[in-house]
>>> print(open('work.tsv').read())   # TSV, C-alpha atoms
chain	number	residue	atom	x	y	z
A	503	MET	CA	-52.19	-29.95	-16.90
A	504	LYS	CA	-52.95	-32.28	-13.99
A	505	LEU	CA	-56.19	-30.61	-12.85
A	506	SER	CA	-57.65	-29.46	-16.15
A	507	GLY	CA	-61.44	-29.44	-16.01
A	508	LEU	CA	-61.64	-30.06	-12.27
A	509	ASN	CA	-63.55	-27.76	-9.93
A	510	ALA	CA	-62.26	-27.16	-6.40
A	511	ILE	CA	-63.04	-25.32	-3.17
A	512	ILE	CA	-60.05	-24.13	-1.13
A	513	THR	CA	-60.53	-22.66	2.34
A	514	GLY	CA	-58.18	-20.21	4.02
A	515	ALA	CA	-56.83	-19.19	0.62
A	516	ASN	CA	-56.08	-15.49	1.12
A	517	GLN	CA	-52.46	-15.92	2.26
A	518	GLY	CA	-49.71	-18.39	3.12
A	519	LEU	CA	-50.10	-22.03	2.20
A	520	GLY	CA	-53.74	-21.70	1.19
A	521	LEU	CA	-52.92	-19.06	-1.40
A	522	GLU	CA	-49.96	-21.11	-2.64
A	523	ILE	CA	-52.21	-24.15	-3.06
A	524	ALA	CA	-54.67	-21.99	-5.01
A	525	ARG	CA	-51.85	-20.73	-7.26
A	526	HIS	CA	-50.77	-24.30	-8.00
A	527	PHE	CA	-54.34	-25.38	-8.72
A	528	VAL	CA	-54.87	-22.49	-11.15
A	529	ARG	CA	-51.61	-23.22	-12.96
A	530	GLU	CA	-52.70	-26.86	-13.30
A	531	GLY	CA	-55.98	-25.85	-14.93
A	532	ALA	CA	-58.54	-26.08	-12.09
A	533	ASN	CA	-61.56	-23.84	-11.67
A	534	LEU	CA	-61.79	-22.51	-8.13
A	535	VAL	CA	-63.92	-21.09	-5.40
A	536	VAL	CA	-61.64	-19.75	-2.66
A	537	CYS	CA	-62.65	-18.46	0.74
A	538	ALA	CA	-61.24	-16.83	3.87
A	539	ARG	CA	-62.54	-14.67	6.70
A	540	ASP	CA	-60.67	-11.47	5.77
A	541	ALA	CA	-62.60	-10.12	2.79
A	542	GLY	CA	-59.99	-7.52	1.87
A	543	LYS	CA	-57.07	-9.96	1.73
A	544	LEU	CA	-59.29	-12.46	-0.06
A	545	ALA	CA	-60.17	-9.95	-2.80
A	546	ALA	CA	-56.48	-9.19	-3.34
A	547	ALA	CA	-55.65	-12.90	-3.50
A	548	ALA	CA	-58.49	-13.52	-5.95
A	549	ALA	CA	-57.19	-10.73	-8.21
A	550	GLU	CA	-53.74	-12.33	-8.21
A	551	LEU	CA	-55.21	-15.74	-9.03
A	552	GLN	CA	-57.25	-14.27	-11.86
A	553	GLY	CA	-54.02	-12.99	-13.37
A	554	LEU	CA	-52.68	-16.55	-13.42
A	555	ALA	CA	-55.78	-18.06	-15.01
A	556	GLY	CA	-55.92	-19.19	-18.60
A	557	PRO	CA	-58.73	-18.64	-21.10
A	558	GLY	CA	-62.01	-20.03	-19.86
A	559	GLN	CA	-60.84	-20.74	-16.33
A	560	ARG	CA	-63.40	-19.74	-13.72
A	561	LEU	CA	-62.42	-18.25	-10.37
A	562	TYR	CA	-64.74	-17.07	-7.61
A	563	HIS	CA	-64.19	-15.93	-4.06
A	564	GLN	CA	-66.45	-15.62	-1.05
A	565	SER	CA	-65.79	-14.53	2.52
A	566	CYS	CA	-66.52	-17.39	4.90
A	567	ASP	CA	-65.96	-18.40	8.51
A	568	VAL	CA	-65.48	-22.16	8.18
A	569	SER	CA	-66.59	-22.72	11.77
A	570	ASP	CA	-70.05	-21.32	10.92
A	571	ALA	CA	-72.30	-24.04	9.45
A	572	GLY	CA	-74.59	-21.55	7.71
A	573	ALA	CA	-71.68	-19.71	6.11
A	574	VAL	CA	-70.16	-23.00	4.93
A	575	ASP	CA	-73.46	-24.13	3.42
A	576	ARG	CA	-73.67	-20.84	1.52
A	577	LEU	CA	-70.10	-21.27	0.29
A	578	VAL	CA	-70.79	-24.75	-1.08
A	579	ARG	CA	-74.05	-23.58	-2.68
A	580	THR	CA	-72.14	-20.78	-4.40
A	581	ALA	CA	-69.54	-23.22	-5.69
A	582	LEU	CA	-72.16	-25.56	-7.09
A	583	GLU	CA	-74.13	-22.71	-8.65
A	584	GLN	CA	-71.10	-21.09	-10.24
A	585	LEU	CA	-69.12	-24.18	-11.23
A	586	GLY	CA	-71.93	-26.70	-11.72
A	587	SER	CA	-70.05	-29.40	-9.82
A	588	VAL	CA	-67.15	-29.81	-7.41
A	589	GLN	CA	-64.63	-32.63	-7.47
A	590	VAL	CA	-62.07	-31.41	-4.91
A	591	LEU	CA	-62.28	-29.86	-1.44
A	592	VAL	CA	-59.11	-28.56	0.24
A	593	ASN	CA	-59.59	-27.73	3.93
A	594	ASN	CA	-56.66	-25.43	4.67
A	595	ALA	CA	-58.07	-22.80	7.04
A	596	GLY	CA	-56.50	-22.99	10.47
A	597	ILE	CA	-55.07	-21.08	13.42
A	598	TYR	CA	-52.47	-21.75	16.14
A	599	GLY	CA	-54.72	-20.62	18.95
A	600	PRO	CA	-53.59	-19.69	22.47
A	601	LYS	CA	-50.01	-20.23	23.57
A	602	GLY	CA	-49.04	-21.04	27.12
A	603	PRO	CA	-49.80	-23.58	29.87
A	604	THR	CA	-53.02	-25.40	29.10
A	605	GLU	CA	-54.48	-24.74	32.54
A	606	SER	CA	-54.08	-20.98	32.26
A	607	VAL	CA	-54.68	-20.02	28.62
A	608	ASP	CA	-57.98	-18.40	27.77
A	609	LEU	CA	-60.59	-21.17	27.55
A	610	ARG	CA	-62.63	-19.41	24.88
A	611	GLU	CA	-59.54	-19.07	22.68
A	612	TRP	CA	-58.84	-22.79	23.18
A	613	GLN	CA	-62.39	-23.64	22.16
A	614	ARG	CA	-62.19	-21.27	19.20
A	615	THR	CA	-59.14	-23.16	17.93
A	616	ILE	CA	-61.14	-26.38	17.92
A	617	GLU	CA	-63.98	-24.62	16.13
A	618	VAL	CA	-61.73	-23.32	13.34
A	619	ASN	CA	-59.31	-26.23	12.97
A	620	LEU	CA	-61.66	-29.18	13.52
A	621	TYR	CA	-65.19	-27.93	12.88
A	622	GLY	CA	-63.69	-25.97	9.98
A	623	VAL	CA	-62.83	-29.31	8.39
A	624	LEU	CA	-65.96	-31.17	9.47
A	625	LEU	CA	-68.47	-28.59	8.22
A	626	PRO	CA	-67.16	-28.25	4.63
A	627	CYS	CA	-66.91	-32.05	4.43
A	628	ARG	CA	-70.53	-32.47	5.59
A	629	ALA	CA	-71.69	-29.85	3.11
A	630	ILE	CA	-69.94	-31.33	0.05
A	631	ILE	CA	-70.11	-35.09	0.71
A	632	PRO	CA	-73.72	-35.56	-0.55
A	633	HIS	CA	-72.70	-33.95	-3.85
A	634	LEU	CA	-69.53	-36.05	-4.13
A	635	LYS	CA	-71.53	-39.21	-3.42
A	636	GLN	CA	-74.06	-38.28	-6.08
A	637	GLN	CA	-71.37	-37.90	-8.74
A	638	GLY	CA	-69.60	-41.05	-7.60
A	639	ARG	CA	-66.12	-39.62	-7.07
A	640	GLY	CA	-64.23	-36.87	-5.32
A	641	LYS	CA	-61.17	-35.80	-3.37
A	642	ILE	CA	-61.01	-34.27	0.10
A	643	ILE	CA	-57.64	-32.94	1.29
A	644	ASN	CA	-57.26	-31.84	4.90
A	645	LEU	CA	-54.26	-29.84	6.07
A	646	SER	CA	-52.76	-31.22	9.24
A	647	GLY	CA	-49.26	-30.69	10.62
A	648	GLY	CA	-46.67	-31.61	13.19
A	649	GLY	CA	-49.19	-31.19	15.98
A	650	ALA	CA	-50.92	-34.37	14.82
A	651	THR	CA	-47.97	-36.69	15.37
A	652	ALA	CA	-46.03	-35.26	18.30
A	653	PRO	CA	-46.83	-33.41	21.52
A	654	MET	CA	-46.70	-29.62	21.33
A	655	PRO	CA	-46.33	-28.35	24.89
A	656	LEU	CA	-47.84	-24.88	25.42
A	657	ILE	CA	-49.75	-25.04	22.10
A	658	SER	CA	-52.21	-27.72	23.15
A	659	ALA	CA	-55.33	-26.52	21.29
A	660	TYR	CA	-53.51	-26.62	17.96
A	661	ALA	CA	-51.99	-30.03	18.66
A	662	ALA	CA	-55.28	-31.57	19.80
A	663	SER	CA	-57.25	-30.14	16.88
A	664	LYS	CA	-54.75	-31.32	14.27
A	665	ALA	CA	-54.62	-34.85	15.71
A	666	ALA	CA	-58.41	-34.88	15.57
A	667	VAL	CA	-58.32	-33.79	11.92
A	668	VAL	CA	-56.19	-36.81	11.04
A	669	ARG	CA	-58.50	-39.27	12.79
A	670	LEU	CA	-61.51	-37.60	11.14
A	671	THR	CA	-59.70	-37.98	7.81
A	672	GLU	CA	-59.11	-41.69	8.40
A	673	THR	CA	-62.71	-42.23	9.48
A	674	LEU	CA	-64.22	-40.39	6.51
A	675	ALA	CA	-61.92	-42.33	4.17
A	676	GLU	CA	-63.48	-45.58	5.37
A	677	GLU	CA	-67.03	-44.21	5.23
A	678	LEU	CA	-66.56	-42.96	1.68
A	679	ARG	CA	-64.31	-45.63	0.15
A	680	SER	CA	-67.16	-47.43	-1.63
A	681	HIS	CA	-68.20	-44.11	-3.20
A	682	HIS	CA	-64.71	-43.61	-4.74
A	683	ILE	CA	-64.11	-40.51	-2.64
A	684	ASP	CA	-60.50	-40.28	-1.45
A	685	VAL	CA	-59.84	-38.45	1.83
A	686	ASN	CA	-56.28	-37.67	2.88
A	687	ALA	CA	-54.38	-35.38	5.23
A	688	VAL	CA	-51.26	-33.38	4.43
A	689	ALA	CA	-48.41	-32.36	6.72
A	690	PRO	CA	-46.77	-29.53	4.75
A	691	GLY	CA	-43.69	-29.18	6.96
A	692	ALA	CA	-42.50	-26.27	9.08
A	693	LEU	CA	-43.42	-23.27	6.91
A	694	ASN	CA	-42.38	-19.65	7.26
A	695	THR	CA	-45.89	-18.24	7.28
A	696	ARG	CA	-47.92	-16.04	9.65
A	697	LEU	CA	-48.11	-18.95	12.11
A	698	LEU	CA	-44.35	-18.84	12.56
A	699	ASP	CA	-44.53	-15.08	13.04
A	700	GLU	CA	-47.13	-15.65	15.77
A	701	VAL	CA	-44.74	-17.96	17.63
A	702	LEU	CA	-41.89	-15.48	17.43
A	703	GLN	CA	-44.15	-12.64	18.55
A	704	ALA	CA	-45.42	-14.70	21.50
A	705	GLY	CA	-41.86	-15.26	22.69
A	706	PRO	CA	-40.19	-18.03	24.72
A	707	GLN	CA	-42.21	-17.29	27.85
A	708	ALA	CA	-45.39	-18.37	26.03
A	709	VAL	CA	-44.21	-21.20	23.73
A	710	GLY	CA	-41.16	-22.46	25.65
A	711	GLU	CA	-37.50	-21.77	25.07
A	712	ALA	CA	-36.82	-24.90	22.96
A	713	PHE	CA	-39.76	-24.31	20.60
A	714	TYR	CA	-38.91	-20.63	20.32
A	715	GLN	CA	-35.29	-21.38	19.41
A	716	ARG	CA	-36.44	-23.85	16.74
A	717	ALA	CA	-38.73	-21.17	15.36
A	718	LEU	CA	-35.86	-18.66	15.25
A	719	LYS	CA	-33.69	-21.15	13.38
A	720	GLN	CA	-36.54	-21.90	10.99
A	721	LYS	CA	-37.00	-18.19	10.30
A	722	GLU	CA	-33.30	-17.82	9.54
A	723	THR	CA	-33.00	-20.91	7.32
A	724	GLY	CA	-36.24	-20.44	5.39
A	725	GLY	CA	-38.23	-23.43	6.63
A	726	ALA	CA	-39.76	-26.09	4.42
A	727	PRO	CA	-40.47	-25.01	0.83
A	728	ILE	CA	-44.08	-23.92	0.71
A	729	ALA	CA	-44.37	-25.21	-2.86
A	730	GLN	CA	-43.87	-28.79	-1.64
A	731	GLY	CA	-47.09	-28.78	0.34
A	732	ALA	CA	-48.98	-27.19	-2.54
A	733	SER	CA	-47.56	-29.73	-5.00
A	734	LEU	CA	-48.66	-32.61	-2.78
A	735	CYS	CA	-52.17	-31.16	-2.71
A	736	VAL	CA	-52.16	-31.02	-6.52
A	737	TRP	CA	-51.09	-34.67	-6.66
A	738	LEU	CA	-53.79	-35.73	-4.20
A	739	ALA	CA	-56.39	-33.80	-6.21
A	740	SER	CA	-55.32	-35.41	-9.49
A	741	ARG	CA	-56.23	-38.79	-10.97
A	742	GLU	CA	-52.67	-39.97	-10.28
A	743	SER	CA	-53.59	-40.57	-6.61
A	744	ASP	CA	-56.93	-42.32	-7.24
A	745	GLY	CA	-57.56	-45.03	-4.68
A	746	ILE	CA	-55.06	-43.73	-2.12
A	747	SER	CA	-57.15	-42.75	0.88
A	748	GLY	CA	-57.04	-42.43	4.65
A	749	LYS	CA	-53.38	-41.40	4.78
A	750	LEU	CA	-51.39	-38.62	6.46
A	751	LEU	CA	-48.63	-37.70	4.02
A	752	SER	CA	-45.66	-35.49	4.73
A	753	ALA	CA	-44.89	-33.19	1.83
A	754	GLN	CA	-41.30	-32.90	2.95
A	755	TRP	CA	-40.34	-36.42	4.02
A	756	ASP	CA	-42.58	-38.99	2.28
A	757	PRO	CA	-41.97	-40.28	-1.30
A	758	TRP	CA	-45.48	-39.31	-2.34
A	759	ARG	CA	-44.64	-38.85	-6.01
A	760	ASP	CA	-43.97	-42.60	-6.23
A	761	LEU	CA	-46.92	-43.84	-4.18
A	762	ALA	CA	-49.18	-44.54	-7.17
A	763	GLY	CA	-47.04	-47.61	-7.80
A	764	ARG	CA	-47.69	-48.79	-4.24
A	765	ARG	CA	-51.44	-48.26	-4.33
A	766	ASP	CA	-52.35	-51.87	-3.51
A	767	ALA	CA	-49.78	-52.15	-0.72
A	768	LEU	CA	-51.03	-48.93	0.85
A	769	ALA	CA	-54.63	-50.15	0.75
A	770	ARG	CA	-53.64	-53.21	2.79
A	771	SER	CA	-51.40	-51.34	5.23
A	772	ASP	CA	-51.56	-48.90	8.14
A	773	ILE	CA	-48.49	-47.06	6.80
A	774	TYR	CA	-48.97	-43.26	6.96
A	775	THR	CA	-51.68	-43.50	9.64
A	776	LEU	CA	-51.95	-42.72	13.36
A	777	ARG	CA	-51.86	-45.92	15.40
A	778	ARG	CA	-51.23	-47.10	18.96
A	779	ILE	CA	-47.72	-48.43	19.63
A	780	ILE	CA	-47.37	-51.50	21.84
A	781	PRO	CA	-44.17	-52.85	23.45
A	782	GLU	CA	-43.67	-55.52	20.78
A	783	ASP	CA	-43.49	-52.81	18.13
A	784	ARG	CA	-40.33	-51.55	19.82
A	785	GLY	CA	-38.73	-54.93	20.46
A	786	GLU	CA	-40.04	-55.21	24.03
A	787	LYS	CA	-42.10	-58.02	25.59
A	788	TRP	CA	-43.89	-56.83	28.74
A	789	THR	CA	-46.36	-59.68	29.28
>>> encode(input="work.tsv", output="structure tokens")
Amino acid sequence: MKLSGLNAIITGANQGLGLEIARHFVREGANLVVCARDAGKLAAAAAELQGLAGPGQRLYHQSCDVSDAGAVDRLVRTALEQLGSVQVLVNNAGIYGPKGPTESVDLREWQRTIEVNLYGVLLPCRAIIPHLKQQGRGKIINLSGGGATAPMPLISAYAASKAAVVRLTETLAEELRSHHIDVNAVAPGALNTRLLDEVLQAGPQAVGEAFYQRALKQKETGGAPIAQGASLCVWLASRESDGISGKLLSAQWDPWRDLAGRRDALARSDIYTLRRIIPEDRGEKWT
């Protein structure tokens, strides 16, 4: 098993992709602390995960708002007390936030999206990094998405927060490289989860006709396989990906299973990163 003996924290793990990641981690032998805001759904998810666990595997759950620094500190303390150490942090918790023209959506909802999607990555990282540094290794996996690499009109809080997550990922990767702590971001693809249901419920008047029609088609065709994103998280948590850091990897489109053989090339390259494009990059000379 790829994660046998490893201890991990997974946020937003009571449903959707977070729960699927937790399932994959349990099947691969990891011990877990999972969290989410909804205590009822979290308890049900934890019971399911316990049923997948093998002899001696340890699983704990704790309700947590990842935008609350005190709650995050308590979560990490629980993980260290119960598991003794943590090698992997998966920051999955996230929301779409308000939908509609940026100038007219509710400002507090816009700010709340930043709190959950960006602070909800920053705070768990801050809480666990001293421990990872002390043990001299670790893996941090941050869930990003399409909002990081392309504009998302009428869903601006989500897009801005996810782009920020990627740049935070790249920055932490450089800060922590000498400590052998790998930090990467994952784009899982267009998934048929509660976020898609939110878009369909909001309707074309809120998200735009084109985006709404894409969402309808995605609902009908099934979307990207949710297991792909979870499998990529397993790979990034495992020793197979050691030394690969500061990258945004697409579960659906990138050949991530083969990237271990390109470790040195990746370390010297800005492939799978967010960068500014200049005219020369597109065959133009404007000077």
>>> residues_around(input="work.tsv", residues="Gln707 in chain A", least_positions_apart="4", cutoff="9 Å", atoms="only C-alpha atoms", output="ChimeraX atom specification")
/A:602,711,714
>>> residues_around(input="work.tsv", residues="Gln754 in chain A", least_positions_apart="6", cutoff="12 Å", atoms="only C-alpha atoms", output="short mmCIF file (atom, residue, chain, number, x, y, z; two decimals) with C-alpha atoms, in the frame of the given file")
data_model
loop_
_atom_site.label_atom_id
_atom_site.label_comp_id
_atom_site.auth_asym_id
_atom_site.auth_seq_id
_atom_site.Cartn_x
_atom_site.Cartn_y
_atom_site.Cartn_z
CA GLY A 647 -49.26 -30.69 10.62
CA GLY A 648 -46.67 -31.61 13.19
CA VAL A 688 -51.26 -33.38 4.43
CA ALA A 689 -48.41 -32.36 6.72
CA PRO A 690 -46.77 -29.53 4.75
CA GLY A 691 -43.69 -29.18 6.96
CA ALA A 692 -42.50 -26.27 9.08
CA LEU A 693 -43.42 -23.27 6.91
CA GLY A 725 -38.23 -23.43 6.63
CA ALA A 726 -39.76 -26.09 4.42
CA PRO A 727 -40.47 -25.01 0.83
CA ILE A 728 -44.08 -23.92 0.71
CA ALA A 729 -44.37 -25.21 -2.86
CA GLN A 730 -43.87 -28.79 -1.64
CA GLY A 731 -47.09 -28.78 0.34
CA ALA A 732 -48.98 -27.19 -2.54
CA SER A 733 -47.56 -29.73 -5.00
CA LEU A 734 -48.66 -32.61 -2.78
#
>>> closest_residue(input="work.tsv", among="A:Lys641, A:Pro600, A:Ile512, A:Gly622", to="Ala581 in chain A", atoms="all atoms listed in the file")
A:Ile512
>>> closest_residue(input="work.tsv", among="A:Lys787, A:Arg529, A:His563, A:Arg639", to="Ala515 in chain A", atoms="all atoms listed in the file")
A:His563
>>> closest_residue(input="work.tsv", among="A:Ala573, A:Gly599, A:Phe713, A:Trp755", to="Pro653 in chain A", atoms="all atoms listed in the file")
A:Phe713
>>> residues_near_point(input="work.tsv", point="(-57.0, -37.4, 2.3)", cutoff="6 Å", atoms="all atoms listed in the file", output="PyMOL selection string")
chain A and resi 642-643+684-687+747-749
>>> write_last_selection(input="work.tsv", atoms="C-alpha atoms", output="short mmCIF file (atom, residue, chain, number, x, y, z; two decimals), keeping the file's coordinate frame")
data_model
loop_
_atom_site.label_atom_id
_atom_site.label_comp_id
_atom_site.auth_asym_id
_atom_site.auth_seq_id
_atom_site.Cartn_x
_atom_site.Cartn_y
_atom_site.Cartn_z
CA ILE A 642 -61.01 -34.27 0.10
CA ILE A 643 -57.64 -32.94 1.29
CA ASP A 684 -60.50 -40.28 -1.45
CA VAL A 685 -59.84 -38.45 1.83
CA ASN A 686 -56.28 -37.67 2.88
CA ALA A 687 -54.38 -35.38 5.23
CA SER A 747 -57.15 -42.75 0.88
CA GLY A 748 -57.04 -42.43 4.65
CA LYS A 749 -53.38 -41.40 4.78
#
>>> atom_distance(input="work.tsv", atom1="CA of Trp758 in chain A", atom2="CA of Ala666 in chain A")
22.5 Å
>>> residues_around(input="work.tsv", residues="Arg576 in chain A", least_positions_apart="3", cutoff="12 Å", atoms="only C-alpha atoms", output="VMD selection string")
chain A and resid 535 537 564 to 568 570 to 573 579 to 583 625 to 626 629 to 630
>>> atom_distance(input="work.tsv", atom1="CA of Glu782 in chain A", atom2="CA of Ala767 in chain A")
22.6 Å
>>> closest_residue(input="work.tsv", among="A:Leu577, A:Leu702, A:Ala762, A:Leu591", to="Ala510 in chain A", atoms="only C-alpha atoms")
A:Leu591
>>> closest_residue(input="work.tsv", among="A:Leu751, A:Asn509, A:Pro655, A:Glu605", to="Ser587 in chain A", atoms="all atoms listed in the file")
A:Asn509
>>> residues_around(input="work.tsv", residues="Val736 in chain A", least_positions_apart="4", cutoff="9 Å", atoms="all atoms listed in the file", output="PyMOL selection string")
chain A and resi 504-505+523+526-527+530+731-732+740
>>> atom_distance(input="work.tsv", atom1="CA of Ala545 in chain A", atom2="CA of Gln517 in chain A")
11.0 Å
>>> closest_residue(input="work.tsv", among="A:Ser743, A:Ala769, A:Leu554, A:His681", to="Pro632 in chain A", atoms="all atoms listed in the file")
A:His681
>>> decode(input="work.tsv", residues="range 515-527 of chain A", atoms="N, CA and C atoms", output="PDB file, in the first residue's frame")
ATOM      1  N   ALA A 515     -13.771  16.822   4.451  1.00  0.00           N
ATOM      2  CA  ALA A 515     -13.798  15.403   4.081  1.00  0.00           C
ATOM      3  C   ALA A 515     -15.117  14.713   4.385  1.00  0.00           C
ATOM      4  N   ASN A 516     -16.210  15.474   4.495  1.00  0.00           N
ATOM      5  CA  ASN A 516     -17.479  14.827   4.830  1.00  0.00           C
ATOM      6  C   ASN A 516     -18.324  14.488   3.614  1.00  0.00           C
ATOM      7  N   GLN A 517     -17.887  14.922   2.408  1.00  0.00           N
ATOM      8  CA  GLN A 517     -18.653  14.643   1.196  1.00  0.00           C
ATOM      9  C   GLN A 517     -17.787  14.929  -0.017  1.00  0.00           C
ATOM     10  N   GLY A 518     -18.289  14.589  -1.200  1.00  0.00           N
ATOM     11  CA  GLY A 518     -17.640  14.949  -2.446  1.00  0.00           C
ATOM     12  C   GLY A 518     -16.205  14.486  -2.564  1.00  0.00           C
ATOM     13  N   LEU A 519     -15.372  15.345  -3.136  1.00  0.00           N
ATOM     14  CA  LEU A 519     -13.981  14.992  -3.383  1.00  0.00           C
ATOM     15  C   LEU A 519     -13.231  14.727  -2.087  1.00  0.00           C
ATOM     16  N   GLY A 520     -13.472  15.526  -1.053  1.00  0.00           N
ATOM     17  CA  GLY A 520     -12.760  15.318   0.202  1.00  0.00           C
ATOM     18  C   GLY A 520     -12.981  13.937   0.767  1.00  0.00           C
ATOM     19  N   LEU A 521     -14.216  13.470   0.735  1.00  0.00           N
ATOM     20  CA  LEU A 521     -14.515  12.126   1.229  1.00  0.00           C
ATOM     21  C   LEU A 521     -13.873  11.073   0.330  1.00  0.00           C
ATOM     22  N   GLU A 522     -13.874  11.314  -0.974  1.00  0.00           N
ATOM     23  CA  GLU A 522     -13.252  10.354  -1.896  1.00  0.00           C
ATOM     24  C   GLU A 522     -11.743  10.280  -1.664  1.00  0.00           C
ATOM     25  N   ILE A 523     -11.112  11.418  -1.407  1.00  0.00           N
ATOM     26  CA  ILE A 523      -9.685  11.404  -1.078  1.00  0.00           C
ATOM     27  C   ILE A 523      -9.449  10.597   0.191  1.00  0.00           C
ATOM     28  N   ALA A 524     -10.296  10.807   1.195  1.00  0.00           N
ATOM     29  CA  ALA A 524     -10.158  10.073   2.450  1.00  0.00           C
ATOM     30  C   ALA A 524     -10.320   8.570   2.220  1.00  0.00           C
ATOM     31  N   ARG A 525     -11.286   8.175   1.391  1.00  0.00           N
ATOM     32  CA  ARG A 525     -11.453   6.753   1.074  1.00  0.00           C
ATOM     33  C   ARG A 525     -10.183   6.172   0.466  1.00  0.00           C
ATOM     34  N   HIS A 526      -9.616   6.902  -0.495  1.00  0.00           N
ATOM     35  CA  HIS A 526      -8.398   6.421  -1.153  1.00  0.00           C
ATOM     36  C   HIS A 526      -7.244   6.323  -0.156  1.00  0.00           C
ATOM     37  N   PHE A 527      -7.117   7.302   0.719  1.00  0.00           N
ATOM     38  CA  PHE A 527      -6.037   7.275   1.705  1.00  0.00           C
ATOM     39  C   PHE A 527      -6.187   6.075   2.640  1.00  0.00           C
TER      40      PHE A 527
END
